[in-house]
$ cat work27.txt   # compact mmCIF, C-alpha atoms
# COMPACT_ATOMS: atom_id res chain seq x y z
CA MET A 143 31.57 131.57 -96.19
CA ARG A 144 33.51 131.57 -99.45
CA ASN A 145 36.74 132.44 -97.62
CA PHE A 146 36.16 129.56 -95.17
CA LEU A 147 35.65 127.02 -97.99
CA SER A 148 38.76 128.21 -99.75
CA PHE A 149 40.69 127.87 -96.42
CA LEU A 150 39.53 124.23 -96.10
CA LYS A 151 41.06 123.55 -99.52
CA SER A 152 44.29 125.41 -98.78
CA LYS A 153 47.73 123.93 -98.17
CA THR A 154 47.93 125.67 -94.73
CA PHE A 155 44.82 123.84 -93.48
CA PHE A 156 46.23 120.43 -94.47
CA ILE A 157 49.57 121.20 -92.81
CA GLN A 158 47.83 122.22 -89.55
CA LEU A 159 45.55 119.17 -89.70
CA GLY A 160 48.58 116.89 -90.19
CA LEU A 161 50.42 118.52 -87.29
CA ALA A 162 47.36 118.12 -85.04
CA LEU A 163 47.04 114.41 -85.95
CA LEU A 164 50.77 113.89 -85.37
CA ALA A 165 50.49 115.58 -81.95
CA ILE A 166 47.54 113.35 -81.00
CA VAL A 167 49.36 110.16 -82.09
CA LEU A 168 52.49 111.23 -80.21
CA LEU A 169 50.45 112.08 -77.08
CA VAL A 170 48.63 108.70 -77.15
CA PHE A 171 51.96 106.87 -77.67
CA LEU A 172 53.57 108.67 -74.70
CA LEU A 173 50.50 108.07 -72.52
CA LEU A 174 50.54 104.32 -73.27
CA ARG A 175 54.28 104.10 -72.51
CA TRP A 176 53.73 105.89 -69.21
CA LEU A 177 50.83 103.57 -68.27
CA ASN A 178 52.93 100.47 -69.11
CA SER A 179 55.76 101.63 -66.88
CA THR A 180 53.61 102.70 -63.92
CA THR A 181 51.21 99.73 -63.92
CA ASN A 182 53.93 97.13 -64.58
CA HIS A 183 51.94 95.81 -67.51
CA GLY A 184 52.65 92.11 -68.02
CA GLU A 185 54.68 91.86 -64.78
CA PHE A 186 53.20 89.60 -62.12
CA VAL A 187 54.18 88.30 -58.71
CA GLU A 188 53.17 84.81 -57.58
CA VAL A 189 51.37 84.92 -54.23
CA PRO A 190 53.31 82.85 -51.66
CA ASP A 191 51.61 80.33 -49.35
CA PHE A 192 51.32 82.13 -46.00
CA SER A 193 49.40 79.26 -44.35
CA LYS A 194 50.46 78.56 -40.73
CA MET A 195 53.01 81.42 -40.77
CA SER A 196 53.14 83.65 -37.71
CA VAL A 197 52.16 87.28 -38.23
CA MET A 198 55.84 88.33 -38.02
CA GLU A 199 56.89 85.75 -40.65
CA MET A 200 54.00 86.83 -42.86
CA ARG A 201 55.06 90.50 -42.70
CA ALA A 202 58.61 89.65 -43.80
CA ALA A 203 57.35 87.42 -46.66
CA VAL A 204 54.89 90.10 -47.85
CA GLU A 205 57.65 92.74 -48.00
CA GLU A 206 59.99 90.36 -49.81
CA ALA A 207 57.31 89.67 -52.45
CA ASP A 208 56.63 93.42 -52.96
CA LEU A 209 53.05 93.07 -51.77
CA ARG A 210 50.91 94.79 -49.15
CA TYR A 211 48.64 93.18 -46.56
CA GLU A 212 45.64 93.72 -44.35
CA VAL A 213 44.67 91.53 -41.41
CA LEU A 214 40.94 90.88 -41.19
CA ASP A 215 39.11 90.03 -37.97
CA SER A 216 40.23 86.83 -36.36
CA ALA A 217 38.22 83.72 -37.12
CA ASN A 218 37.02 81.04 -34.74
CA PHE A 219 39.92 79.20 -33.18
CA ASN A 220 41.18 76.33 -35.34
CA PRO A 221 43.22 73.75 -33.37
CA ASP A 222 44.88 72.53 -36.61
CA TYR A 223 46.81 75.84 -36.87
CA PRO A 224 49.25 77.41 -34.40
CA ARG A 225 47.95 80.32 -32.35
CA PHE A 226 48.26 83.72 -34.06
CA SER A 227 49.10 82.08 -37.39
CA ILE A 228 47.57 82.65 -40.81
CA ILE A 229 44.45 80.52 -41.44
CA GLU A 230 43.22 82.02 -44.72
CA GLN A 231 44.51 84.38 -47.38
CA ASP A 232 42.89 86.14 -50.33
CA PRO A 233 44.03 85.83 -53.10
CA ALA A 234 45.07 82.22 -52.59
CA ALA A 235 48.64 80.97 -52.83
CA GLY A 236 49.89 80.49 -56.41
CA ASN A 237 47.75 83.25 -57.95
CA LYS A 238 49.54 85.80 -60.11
CA VAL A 239 49.02 89.40 -59.00
CA LYS A 240 50.55 92.81 -59.71
CA GLU A 241 53.28 94.14 -57.46
CA ASN A 242 52.00 96.14 -54.49
CA ARG A 243 48.71 94.18 -54.48
CA LYS A 244 47.01 93.93 -51.09
CA ILE A 245 46.64 90.42 -49.64
CA TYR A 246 43.93 89.89 -47.01
CA PHE A 247 44.69 87.56 -44.07
CA THR A 248 42.60 85.84 -41.40
CA VAL A 249 44.55 85.06 -38.23
CA ASN A 250 43.95 82.19 -35.79
CA PRO A 251 43.06 83.63 -32.35
CA SER A 252 44.83 82.57 -29.16
CA GLY A 253 42.12 80.11 -28.20
CA TYR A 254 38.45 79.26 -28.33
CA LYS A 255 36.07 82.04 -27.47
CA LYS A 256 34.32 81.68 -24.14
CA VAL A 257 30.72 80.53 -23.90
CA THR A 258 28.28 80.93 -21.04
CA ILE A 259 27.19 77.77 -19.22
CA PRO A 260 23.40 77.50 -19.55
CA ASN A 261 21.25 76.74 -16.52
CA VAL A 262 20.94 72.95 -16.62
CA ILE A 263 20.48 72.44 -12.86
CA GLN A 264 17.31 70.40 -12.16
CA VAL A 265 17.11 69.46 -15.85
CA THR A 266 17.27 65.87 -17.06
CA GLN A 267 20.70 64.60 -18.04
CA ARG A 268 19.59 64.11 -21.65
CA ASN A 269 18.24 67.65 -22.05
CA ALA A 270 21.22 69.12 -20.19
CA SER A 271 23.63 67.36 -22.56
CA SER A 272 21.77 68.77 -25.57
CA MET A 273 21.77 72.30 -24.12
CA LEU A 274 25.51 72.14 -23.34
CA ARG A 275 26.37 70.78 -26.81
CA ALA A 276 24.29 73.57 -28.38
CA VAL A 277 26.57 76.23 -26.86
CA GLY A 278 29.74 74.31 -27.77
CA LEU A 279 30.56 72.44 -24.56
CA ASP A 280 31.33 68.72 -24.55
CA VAL A 281 29.83 66.42 -21.91
CA GLN A 282 32.78 64.16 -21.21
CA ARG A 283 31.16 62.04 -18.53
CA VAL A 284 28.19 61.68 -16.23
CA THR A 285 28.54 60.62 -12.59
CA TYR A 286 25.80 59.80 -10.15
CA ILE A 287 25.20 60.66 -6.51
CA ASP A 288 22.53 59.53 -4.05
CA GLN A 289 19.72 61.96 -4.80
CA ILE A 290 16.03 61.29 -5.36
CA GLY A 291 15.83 62.99 -8.78
CA LYS A 292 16.89 60.16 -11.08
CA ASN A 293 19.00 61.44 -14.04
CA MET A 294 18.40 65.01 -12.78
CA VAL A 295 21.46 67.31 -12.95
CA TYR A 296 22.53 68.59 -9.52
CA TYR A 297 25.73 70.32 -10.54
CA ILE A 298 28.40 70.61 -13.23
CA LYS A 299 32.17 70.10 -12.94
CA HIS A 300 35.00 71.32 -15.14
CA LYS A 301 38.50 69.94 -14.49
CA GLY A 302 37.30 68.55 -11.16
CA LYS A 303 35.91 71.87 -9.90
CA GLN A 304 32.27 72.77 -9.62
CA VAL A 305 31.05 75.47 -12.02
CA LYS A 306 27.75 77.33 -11.99
CA PRO A 307 25.30 78.38 -14.71
CA GLY A 308 26.38 81.77 -16.04
CA ASP A 309 30.11 81.00 -15.65
CA LYS A 310 32.16 81.17 -18.84
CA LEU A 311 34.29 78.37 -20.27
CA PRO A 312 36.28 78.13 -23.51
CA LYS A 313 34.25 76.59 -26.32
CA THR A 314 34.78 72.79 -26.65
CA SER A 315 35.62 72.50 -22.93
CA LYS A 316 34.85 69.08 -21.46
CA VAL A 317 32.43 69.07 -18.54
CA GLU A 318 31.08 66.46 -16.15
CA LEU A 319 27.42 66.27 -15.18
CA VAL A 320 26.66 65.13 -11.64
CA CYS A 321 23.18 63.59 -11.61
CA GLY A 322 20.92 61.89 -9.11
CA ASN A 323 20.65 58.10 -9.16
CA GLY A 324 17.07 58.01 -7.84
CA ARG A 325 18.02 56.78 -4.38
CA ILE A 326 17.92 58.72 -1.17
CA GLY A 327 21.08 58.62 0.92
CA GLU A 328 21.11 56.10 3.84
CA ARG A 329 20.80 58.74 6.58
CA ALA A 330 17.95 60.49 4.78
CA GLN A 331 16.17 57.12 4.33
CA ILE A 332 16.53 56.23 8.06
CA LYS A 333 15.21 59.68 9.03
CA ALA A 334 12.25 59.33 6.62
CA ASP A 335 11.42 55.85 8.02
CA SER A 336 11.50 57.02 11.63
CA GLU A 337 8.99 59.82 11.03

$ encode --input "work27.txt" --output "structure tokens"
Amino acid sequence: MRNFLSFLKSKTFFIQLGLALLAIVLLVFLLLRWLNSTTNHGEFVEVPDFSKMSVMEMRAAVEEADLRYEVLDSANFNPDYPRFSIIEQDPAAGNKVKENRKIYFTVNPSGYKKVTIPNVIQVTQRNASSMLRAVGLDVQRVTYIDQIGKNMVYYIKHKGKQVKPGDKLPKTSKVELVCGNGRIGERAQIKADSE
């Protein structure tokens, strides 16, 4: 124990302690310099505005800015943007980020997703319109034919062609409801009167 205490007071101990502290300071200094150079400390890239760019244009702009990218699932079709163009980006344009940062993109699909036409045959025109709007279809007009069921839907048309419940149309498609006007056709009326 006495030898140990005398060693702690010796010149050799203080020299070794000083060398150890110097080695630690030097190691920390070198480590910080290495971190600054590898993490580009204080160096930022401004995120460009990729809005409405095609995917090919976006790729070129990302490489030019020394960034990386990932395309997320496509969103719902947005008619305000070209097909297959960038709708959203994260982080937003103008943000400052480190080089090699990953930017996440949402791409506009090629068109509206398709929806199934609900069964609105023999349903009132008012209820049929509500059911069609609920799935994303737009009732553009209602026409009437001589049928006894007044305001009852007899069939549906899209672009002049008859479509059936269960068929698929792009969301926001315009359809026409063909409803009864509450009158029986002339021939049917004559036949009914003669019986």

$ atom_distance --input "work27.txt" --atom1 "CA of Leu279 (chain A)" --atom2 "CA of Lys313 (chain A)"
5.8 Å

$ residues_around --input "work27.txt" --residues "region 188-194 of chain A" --least-positions-apart "3" --cutoff "9 Å" --atoms "all atoms listed in the file" --output "JSON, numbers by chain"
{"A": [199, 200, 203, 204, 207, 209, 223, 224, 225, 226, 227, 228, 229, 230, 231, 233, 234, 235, 236, 237, 238, 239, 240, 245, 247, 250]}

$ write_last_selection --input "work27.txt" --atoms "C-alpha atoms" --output "PDB file, in the frame of the given file"
ATOM      1  CA  GLU A 199      56.890  85.750 -40.650  1.00  0.00           C
ATOM      2  CA  MET A 200      54.000  86.830 -42.860  1.00  0.00           C
ATOM      3  CA  ALA A 203      57.350  87.420 -46.660  1.00  0.00           C
ATOM      4  CA  VAL A 204      54.890  90.100 -47.850  1.00  0.00           C
ATOM      5  CA  ALA A 207      57.310  89.670 -52.450  1.00  0.00           C
ATOM      6  CA  LEU A 209      53.050  93.070 -51.770  1.00  0.00           C
ATOM      7  CA  TYR A 223      46.810  75.840 -36.870  1.00  0.00           C
ATOM      8  CA  PRO A 224      49.250  77.410 -34.400  1.00  0.00           C
ATOM      9  CA  ARG A 225      47.950  80.320 -32.350  1.00  0.00           C
ATOM     10  CA  PHE A 226      48.260  83.720 -34.060  1.00  0.00           C
ATOM     11  CA  SER A 227      49.100  82.080 -37.390  1.00  0.00           C
ATOM     12  CA  ILE A 228      47.570  82.650 -40.810  1.00  0.00           C
ATOM     13  CA  ILE A 229      44.450  80.520 -41.440  1.00  0.00           C
ATOM     14  CA  GLU A 230      43.220  82.020 -44.720  1.00  0.00           C
ATOM     15  CA  GLN A 231      44.510  84.380 -47.380  1.00  0.00           C
ATOM     16  CA  PRO A 233      44.030  85.830 -53.100  1.00  0.00           C
ATOM     17  CA  ALA A 234      45.070  82.220 -52.590  1.00  0.00           C
ATOM     18  CA  ALA A 235      48.640  80.970 -52.830  1.00  0.00           C
ATOM     19  CA  GLY A 236      49.890  80.490 -56.410  1.00  0.00           C
ATOM     20  CA  ASN A 237      47.750  83.250 -57.950  1.00  0.00           C
ATOM     21  CA  LYS A 238      49.540  85.800 -60.110  1.00  0.00           C
ATOM     22  CA  VAL A 239      49.020  89.400 -59.000  1.00  0.00           C
ATOM     23  CA  LYS A 240      50.550  92.810 -59.710  1.00  0.00           C
ATOM     24  CA  ILE A 245      46.640  90.420 -49.640  1.00  0.00           C
ATOM     25  CA  PHE A 247      44.690  87.560 -44.070  1.00  0.00           C
ATOM     26  CA  ASN A 250      43.950  82.190 -35.790  1.00  0.00           C
TER      27      ASN A 250
END

$ residues_around --input "work27.txt" --residues "Thr266 (chain A)" --least-positions-apart "4" --cutoff "9 Å" --atoms "all atoms listed in the file" --output "number ranges by chain"
A: 262, 270-271, 291-295, 321

$ atom_distance --input "work27.txt" --atom1 "CA of Asn220 (chain A)" --atom2 "CA of Tyr246 (chain A)"
18.1 Å

$ residues_around --input "work27.txt" --residues "region 282-287 of chain A" --least-positions-apart "3" --cutoff "12 Å" --atoms "all atoms listed in the file" --output "ChimeraX atom specification"
/A:266-268,270-271,274-275,279,290-302,314-327

$ closest_residue --input "work27.txt" --among "A:Thr154, A:Asn218, A:Gln289, A:Ser148" --to "Ser252 (chain A)" --atoms "only C-alpha atoms"
A:Asn218

$ closest_residue --input "work27.txt" --among "A:Val249, A:Val167, A:Gly278, A:Tyr254" --to "Ser196 (chain A)" --atoms "only C-alpha atoms"
A:Val249

$ atom_distance --input "work27.txt" --atom1 "CA of Glu206 (chain A)" --atom2 "CA of Lys244 (chain A)"
13.5 Å
